[in-house]
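Just below is one structure, and these are the notes that go with it.
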Amino acid sequence: MTRSKRTPKTVPAFKTEAEERRFWETHDTTAYVDWSAAKPARFPNLKPSTETISLRLPAGLLADLKALANKQDVPYQSLLKVFLADRVAREWRASRVSGVRSHKAVQPTSRARQIAKSSKRTPAARG
């Protein structure tokens with residue numbers, strides 16, 4: 001059986017990134033994109049965007065964090081990012097389950113999901 005090629009719908013013009021995000025949260029891309037013509041893409045020079053923050057922690061908590069990081073042979077800032085990403089991902093999952101989700105809520109970034117996923121691997125699996 002041969003399928004006829006259908007013409008994808010035109011993607012609307014969006015005024016803001018938030019407007020586009022709301023659109024794609026409620027629409028399936030298959031109606032707008034011909035995925036049969038998709039090709040893998042690589043972005044080797046793309047760096048995750050980060051922001052510098054100042055965070056005050058109790059001395060004991062920081063000492064515990066550094067001790068845990070030392071035990072796992074990782075920088076304590078990296079371990080803190082893993083812990084935060086894991087907790088944020090758990091909060092998002094919990095909010096989806098309980099249904100307490102605002103349509104204005106920002107979804108977790110792909111980087112946060114990636115960090116949270118990698119934090120579930122054992123230290124030996126990380127290399």
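Lettering and numbering for the structure tokens are positional, with chains as A, B, ... in the shown order, residues counted from 1 in each chain, and ligands counted from 1 in the shown order.
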What's around A:Pro12 at 12 Å? Count only C-alpha atoms, leave out sequence neighbours fewer than 6 positions away in its own chain, and write the answer as a compact mmCIF listing (two decimals) with C-alpha atoms, in the first residue's frame.
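Result file is part-v9.txt:
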# COMPACT_ATOMS: atom_id res chain seq x y z
CA GLU A 19 4.23 31.75 22.81
CA GLU A 20 6.05 29.17 20.70
CA PHE A 23 2.05 26.12 21.00
CA TRP A 24 4.35 23.07 20.89
CA HIS A 27 0.47 20.45 19.17
CA TYR A 32 3.93 20.43 10.78
So how far away is atom CA of A:Leu46 from atom CA of A:Asp34, in Å? 25.4 Å
Tell me which protein, DNA and RNA residues are within 12 Å of A:Val33, counting only C-alpha atoms, leaving out same-chain ones fewer than 6 positions away, and put them as a list in words. Arg6, Thr7, Pro8, Lys9, Thr10, Val11 and His27 of chain A
Can you tell me how far atom CA of A:Leu57 sits from atom CA of A:Gln77, in Å to one decimal? 12.4 Å
By how many Å are atom CA of A:Ser95 and atom CA of A:Thr29 apart?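 Value for the atom CA of A:Ser95-atom CA of A:Thr29 distance: 25.0 Å.
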Please, which residues of stretch 17-50 of chain A, numbered as in this document, come out helix (DSSP H, G or I) from DSSP, as a PyMOL selection string? chain A and resi 17-26+29-31+35-37
File dump, residues just selected, C-alpha atoms, as a PDB file, in the first residue's frame:
ATOM      1  CA  GLU A  17       9.612  32.162  22.642  1.00  0.00           C
ATOM      2  CA  ALA A  18       7.033  31.632  25.401  1.00  0.00           C
ATOM      3  CA  GLU A  19       4.230  31.748  22.808  1.00  0.00           C
ATOM      4  CA  GLU A  20       6.050  29.168  20.698  1.00  0.00           C
ATOM      5  CA  ARG A  21       6.621  26.951  23.751  1.00  0.00           C
ATOM      6  CA  ARG A  22       2.897  27.037  24.592  1.00  0.00           C
ATOM      7  CA  PHE A  23       2.047  26.120  20.998  1.00  0.00           C
ATOM      8  CA  TRP A  24       4.350  23.072  20.890  1.00  0.00           C
ATOM      9  CA  GLU A  25       3.130  21.924  24.323  1.00  0.00           C
ATOM     10  CA  THR A  26      -0.310  21.426  22.782  1.00  0.00           C
ATOM     11  CA  THR A  29       5.015  18.151  15.273  1.00  0.00           C
ATOM     12  CA  THR A  30       4.043  15.403  12.822  1.00  0.00           C
ATOM     13  CA  ALA A  31       1.372  17.653  11.345  1.00  0.00           C
ATOM     14  CA  TRP A  35      10.187  13.848   9.660  1.00  0.00           C
ATOM     15  CA  SER A  36      10.963  11.382   6.853  1.00  0.00           C
ATOM     16  CA  ALA A  37      13.341  14.008   5.448  1.00  0.00           C
TER      17      ALA A  37
END
